[in-house]
Protein chains: 2
Amino acid sequence: MTARHARGAPRRTTYHHGDLRRALVAAALELLKTEGPDGLTVRAAARRAGVTHAATYRHFPSKDALLAAVAEEGFHSLERALRRSLAAGRGPVEQLQAMAVAYVDFARRRPASFRLMLGPGAPSKAAYPPLEAAARATFAILVEAIARCQAQGRARRSPAIRLATAAWATMHGLATLVADTRVMQMKFADLDPATLTRMVMEDLHRGLCGAVPGSRTSRAATSGGDRSGS
Amino acid sequence: MTARHARGAPRRTTYHHGDLRRALVAAALELLKTEGPDGLTVRAAARRAGVTHAATYRHFPSKDALLAAVAEEGFHSLERALRRSLAAGRGPVEQLQAMAVAYVDFARRRPASFRLMLGPGAPSKAAYPPLEAAARATFAILVEAIARCQAQGRARRSPAIRLATAAWATMHGLATLVADTRVMQMKFADLDPATLTRMVMEDLHRGLCGAVPGSRTSRAATSGGDRSGS
DNA sequence: TGAGCCATGTGACCAGTGGAAACATATGCC
DNA sequence: GGCATATGTTTCCACTGGTCACATGGCTCA
């Protein structure tokens, strides 16, 4: 029997597929969304594309390479989402907030993709230049937004990289928490992620303790805060 | 041939192992540290314990259960580390900072364990009550530290859970970035993680933009930031 | 002291995985 | 028209997590 085509795979009449590479990436992405990371196997993707699993290796040297292509697609999606969100905010600070919301929302909507792109098992960007490029382009938007915030004049003497790291770590941490719902131990589950993100970014922006007009200015924190005795 | 004992596994003379369960967890942990997550297979762990892979299933119903035991051990380690760090700081804010450093440092020292405990593929805590308990005990330390910060009087009107989330998201985000070194795109790699963590937590504490005496107060951010149009 | 139960370990097996190699087919270029 | 070559198929491999029948021997109890 030839090419046992699984359900969903349009019966192929021609011997050659035509655009198998794209089809494989699409199939893999679909599997990732519907079945999760464990469901994404080379064989399943090939089956879905109506092709033998070995055919995959004509287009990708390894499973990792296929994953890299899927991750790349994910970065493009994320980049588009970030750009869209950017249009919403008026000032740079609002823009950064909106981007954080979009970032976290991406992690919520497509957790498996998010993990594939930024999680532990992610394909090495060094090994796949296009993936690296896609990732870089995506993060550039973020970095620029942060830079604009600083340019706005409210940045402290801290070097840019430091503030950027704080912002990036915070939103990435939130996104990770949201993507891996199982870590939702601190019961903020009743808040929708967008609201949560907006709040946390606001906290980050204002600072955890100080900066509330009317409240006592946080002197202890600003000057040599370290040695404030117990 | 009986019990092909791999290198490192002490030749067993007795038929029964004696304490196989513990040995398996230790072997798995060791594999995790040395070979990474991919190297941690049931068969490899069993081999290292000087036992057939099937013997594993006398003590753990599945690989996942073994992983859960390893993760549990990880939480105990993390808990000890956090408690130690706690002793270092004088005030509650310094304590929180120290704990963040310890948390991130754990992620750096034992990235594979960290991922197993808190990453995407982590065993479901619902399925393994001891694991859940260990995790809960660990996070309790964190939550208490944050609560102490608030009790200190510098907390804003924000509900506790909100500030805790911000702090937790930030340090977890940092730890994640550190554990998955591949994401180190924003080139802060030249900073050692501890310094980086201390800095970021300080930023979180002070706020990204405000709280600098002499600079303009961030009016725009404090009032009605939420209902920015569209 | 002895018998046997039963926890524990073994060996053989299964389906499924990622990957390699040899073979088959069709497409496009000369 | 003919053939090189890109693309897909078959078949095989080592390995994985998991199951099952069987082997072993430490423990309890008569």
# chains A, B, ... in the order shown; residues from 1 in each chain; ligands from 1
call {"tool": "interface_residues", "arguments": {"of": "chain D", "to": "chain A", "cutoff": "12 Å", "atoms": "only C-alpha atoms (C1' of nucleotides)", "output": "count of residues only"}}
result
6
call {"tool": "interface_residues", "arguments": {"of": "chain C", "to": "chain A", "cutoff": "12 Å", "atoms": "only C-alpha atoms (C1' of nucleotides)", "output": "PyMOL selection string"}}
result
chain C and resi 16-21+24-27
call {"tool": "atom_distance", "arguments": {"atom1": "CA of Glu35 (chain A)", "atom2": "CA of Ala179 (chain A)"}}
result
15.2 Å
call {"tool": "closest_residue", "arguments": {"among": "B:Ala135, B:Leu163, B:Leu96, B:Ala112", "to": "Met201 (chain B)", "atoms": "only C-alpha atoms"}}
result
B:Leu96
call {"tool": "atom_distance", "arguments": {"atom1": "CA of Ala81 (chain B)", "atom2": "CA of Met99 (chain B)"}}
result
8.4 Å
call {"tool": "closest_residue", "arguments": {"among": "B:Ala134, B:Gly119, B:Arg109, B:Gly91", "to": "chain A", "atoms": "only C-alpha atoms"}}
result
B:Gly91
call {"tool": "residues_around", "arguments": {"residues": "Gly173 (chain B)", "least_positions_apart": "2", "cutoff": "8 Å", "atoms": "only C-alpha atoms (C1' of nucleotides)", "output": "PyMOL selection string"}}
result
(chain A and resi 169-174+176) or (chain B and resi 169-171+175-177)
call {"tool": "write_last_selection", "arguments": {"atoms": "N, CA and C atoms", "output": "PDB file, in the first residue's frame"}}
result
ATOM      1  N   ALA A 169      12.893  40.475  31.926  1.00  0.00           N
ATOM      2  CA  ALA A 169      12.786  39.352  32.857  1.00  0.00           C
ATOM      3  C   ALA A 169      11.381  39.273  33.426  1.00  0.00           C
ATOM      4  N   THR A 170      10.836  40.419  33.744  1.00  0.00           N
ATOM      5  CA  THR A 170       9.503  40.420  34.351  1.00  0.00           C
ATOM      6  C   THR A 170       8.451  39.902  33.390  1.00  0.00           C
ATOM      7  N   MET A 171       8.453  40.430  32.171  1.00  0.00           N
ATOM      8  CA  MET A 171       7.403  39.971  31.269  1.00  0.00           C
ATOM      9  C   MET A 171       7.635  38.540  30.835  1.00  0.00           C
ATOM     10  N   HIS A 172       8.883  38.158  30.713  1.00  0.00           N
ATOM     11  CA  HIS A 172       9.155  36.770  30.349  1.00  0.00           C
ATOM     12  C   HIS A 172       8.760  35.846  31.501  1.00  0.00           C
ATOM     13  N   GLY A 173       9.017  36.280  32.699  1.00  0.00           N
ATOM     14  CA  GLY A 173       8.626  35.476  33.850  1.00  0.00           C
ATOM     15  C   GLY A 173       7.124  35.284  33.888  1.00  0.00           C
ATOM     16  N   LEU A 174       6.404  36.374  33.688  1.00  0.00           N
ATOM     17  CA  LEU A 174       4.944  36.290  33.656  1.00  0.00           C
ATOM     18  C   LEU A 174       4.483  35.351  32.554  1.00  0.00           C
ATOM     19  N   THR A 176       6.036  32.971  31.140  1.00  0.00           N
ATOM     20  CA  THR A 176       6.375  31.591  31.475  1.00  0.00           C
ATOM     21  C   THR A 176       5.365  31.014  32.458  1.00  0.00           C
TER      22      THR A 176
ATOM     23  N   ALA B 169       7.333  36.900  39.582  1.00  0.00           N
ATOM     24  CA  ALA B 169       7.480  36.829  38.123  1.00  0.00           C
ATOM     25  C   ALA B 169       8.874  37.298  37.724  1.00  0.00           C
ATOM     26  N   THR B 170       9.330  38.329  38.369  1.00  0.00           N
ATOM     27  CA  THR B 170      10.630  38.874  38.001  1.00  0.00           C
ATOM     28  C   THR B 170      11.749  37.894  38.305  1.00  0.00           C
ATOM     29  N   MET B 171      11.749  37.374  39.500  1.00  0.00           N
ATOM     30  CA  MET B 171      12.859  36.481  39.820  1.00  0.00           C
ATOM     31  C   MET B 171      12.751  35.172  39.063  1.00  0.00           C
ATOM     32  N   ALA B 175      15.543  33.732  36.574  1.00  0.00           N
ATOM     33  CA  ALA B 175      16.062  32.373  36.760  1.00  0.00           C
ATOM     34  C   ALA B 175      15.897  31.579  35.473  1.00  0.00           C
ATOM     35  N   THR B 176      14.768  31.749  34.850  1.00  0.00           N
ATOM     36  CA  THR B 176      14.515  31.040  33.598  1.00  0.00           C
ATOM     37  C   THR B 176      15.523  31.447  32.536  1.00  0.00           C
ATOM     38  N   LEU B 177      15.745  32.738  32.457  1.00  0.00           N
ATOM     39  CA  LEU B 177      16.712  33.233  31.481  1.00  0.00           C
ATOM     40  C   LEU B 177      18.089  32.657  31.764  1.00  0.00           C
TER      41      LEU B 177
END
call {"tool": "residues_around", "arguments": {"residues": "DA3 (chain C)", "least_positions_apart": "2", "cutoff": "12 Å", "atoms": "only C-alpha atoms (C1' of nucleotides)", "output": "JSON, numbers by chain"}}
result
{"C": [1, 5], "D": [27, 28, 29, 30]}
call {"tool": "write_last_selection", "arguments": {"atoms": "C-alpha atoms (C1' of nucleotides)", "output": "PDB file, in the first residue's frame"}}
result
ATOM      1  C1'  DT C   1      14.053 -25.897  61.737  1.00  0.00           C
ATOM      2  C1'  DC C   5       4.610 -16.407  50.713  1.00  0.00           C
TER       3       DC C   5
ATOM      4  C1'  DC D  27      10.761 -12.823  55.844  1.00  0.00           C
ATOM      5  C1'  DT D  28       7.126 -14.718  58.679  1.00  0.00           C
ATOM      6  C1'  DC D  29       5.019 -18.303  60.967  1.00  0.00           C
ATOM      7  C1'  DA D  30       4.161 -23.071  62.193  1.00  0.00           C
TER       8       DA D  30
END
call {"tool": "residues_around", "arguments": {"residues": "Ala23 (chain B)", "least_positions_apart": "5", "cutoff": "12 Å", "atoms": "only C-alpha atoms (C1' of nucleotides)", "output": "PyMOL selection string"}}
result
chain B and resi 9-10+17-18+28-30+45-51+55-56+59+66+69-70
call {"tool": "write_last_selection", "arguments": {"atoms": "N, CA and C atoms", "output": "tab-separated table (two decimals), in the first residue's frame"}}
result
chain	number	residue	atom	x	y	z
B	9	ALA	N	28.49	1.62	38.71
B	9	ALA	CA	27.56	0.86	39.54
B	9	ALA	C	28.34	-0.23	40.27
B	10	PRO	N	28.34	-0.17	41.57
B	10	PRO	CA	29.07	-1.17	42.35
B	10	PRO	C	28.47	-2.54	42.08
B	17	HIS	N	18.51	-5.52	45.93
B	17	HIS	CA	19.38	-4.35	45.96
B	17	HIS	C	19.50	-3.78	47.37
B	18	GLY	N	18.39	-3.71	48.07
B	18	GLY	CA	18.45	-3.18	49.41
B	18	GLY	C	17.71	-1.87	49.51
B	28	ALA	N	19.26	8.99	38.90
B	28	ALA	CA	18.55	9.88	37.98
B	28	ALA	C	19.03	11.32	38.15
B	29	LEU	N	19.19	11.71	39.40
B	29	LEU	CA	19.65	13.06	39.69
B	29	LEU	C	21.04	13.29	39.10
B	30	GLU	N	21.88	12.29	39.29
B	30	GLU	CA	23.24	12.39	38.79
B	30	GLU	C	23.21	12.50	37.26
B	45	ALA	N	19.22	5.22	34.21
B	45	ALA	CA	19.18	5.30	35.67
B	45	ALA	C	19.31	3.90	36.27
B	46	ALA	N	18.56	2.97	35.71
B	46	ALA	CA	18.60	1.60	36.22
B	46	ALA	C	20.01	1.02	36.05
B	47	ARG	N	20.58	1.24	34.89
B	47	ARG	CA	21.93	0.75	34.60
B	47	ARG	C	22.88	1.26	35.66
B	48	ARG	N	22.76	2.56	35.93
B	48	ARG	CA	23.65	3.19	36.88
B	48	ARG	C	23.46	2.62	38.29
B	49	ALA	N	22.26	2.19	38.56
B	49	ALA	CA	21.99	1.60	39.87
B	49	ALA	C	22.32	0.11	39.87
B	50	GLY	N	22.79	-0.37	38.72
B	50	GLY	CA	23.20	-1.76	38.65
B	50	GLY	C	22.05	-2.74	38.58
B	51	VAL	N	21.05	-2.37	37.82
B	51	VAL	CA	19.80	-3.10	37.86
B	51	VAL	C	19.14	-3.04	36.49
B	55	ALA	N	13.22	-3.31	36.66
B	55	ALA	CA	13.17	-3.28	38.12
B	55	ALA	C	12.65	-1.93	38.61
B	56	THR	N	12.92	-0.91	37.80
B	56	THR	CA	12.45	0.43	38.14
B	56	THR	C	10.96	0.44	38.44
B	59	HIS	N	9.27	0.14	41.77
B	59	HIS	CA	9.32	1.24	42.72
B	59	HIS	C	8.63	2.50	42.23
B	66	LEU	N	9.19	8.70	38.64
B	66	LEU	CA	10.61	8.82	39.00
B	66	LEU	C	11.04	10.28	38.92
B	69	ALA	N	9.93	12.23	41.81
B	69	ALA	CA	10.77	12.04	42.99
B	69	ALA	C	12.04	12.88	42.89
B	70	VAL	N	12.60	12.92	41.70
B	70	VAL	CA	13.80	13.74	41.51
B	70	VAL	C	13.47	15.21	41.72
call {"tool": "select_by_dssp", "arguments": {"residues": "region 55-194 of chain B", "states": "helix (DSSP H, G or I)", "output": "PyMOL selection string"}}
result
chain B and resi 55-58+63-88+92-109+111-118+129-154+160-179+181-183+193-194
call {"tool": "closest_residue", "arguments": {"among": "B:Arg115, B:Ile146, B:Ile141, B:Arg198", "to": "chain A", "atoms": "only C-alpha atoms"}}
result
B:Arg115
call {"tool": "atom_distance", "arguments": {"atom1": "CA of Leu196 (chain A)", "atom2": "CA of Ala167 (chain A)"}}
result
15.0 Å
call {"tool": "closest_residue", "arguments": {"among": "B:Leu40, B:Leu78, B:Ala166, B:Ala26", "to": "chain A", "atoms": "only C-alpha atoms"}}
result
B:Ala166
call {"tool": "closest_residue", "arguments": {"among": "A:Ser113, A:Gln152, A:Ser124, A:Ser77", "to": "chain B", "atoms": "only C-alpha atoms"}}
result
A:Ser124
call {"tool": "decode", "arguments": {"residues": "chain D", "atoms": "C-alpha atoms (C1' of nucleotides)", "output": "compact mmCIF listing (two decimals), in the first residue's frame"}}
result
# COMPACT_ATOMS: atom_id res chain seq x y z
C1' DG D 1 14.10 11.68 -26.42
C1' DG D 2 17.19 10.66 -22.72
C1' DC D 3 19.15 11.13 -18.57
C1' DA D 4 20.63 13.46 -14.11
C1' DT D 5 18.60 14.78 -10.08
C1' DA D 6 15.31 16.02 -6.66
C1' DT D 7 11.95 13.91 -4.13
C1' DG D 8 9.32 10.12 -2.00
C1' DT D 9 9.16 4.93 -0.29
C1' DT D 10 10.82 0.70 1.99
C1' DT D 11 13.28 -1.33 5.06
C1' DC D 12 16.24 -1.43 8.63
C1' DC D 13 18.59 0.12 13.07
C1' DA D 14 19.24 1.35 17.99
C1' DC D 15 16.83 3.20 21.45
C1' DT D 16 12.84 4.48 24.41
C1' DG D 17 8.96 3.68 27.99
C1' DG D 18 6.20 -0.02 29.42
C1' DT D 19 4.19 -5.00 30.31
C1' DC D 20 4.34 -9.75 31.53
C1' DA D 21 5.77 -14.30 32.83
C1' DC D 22 9.23 -16.09 35.42
C1' DA D 23 13.31 -16.37 38.86
C1' DT D 24 15.11 -15.43 43.30
C1' DG D 25 15.60 -15.15 48.02
C1' DG D 26 14.41 -12.67 52.54
C1' DC D 27 10.76 -12.82 55.84
C1' DT D 28 7.13 -14.72 58.68
C1' DC D 29 5.02 -18.30 60.97
C1' DA D 30 4.16 -23.07 62.19
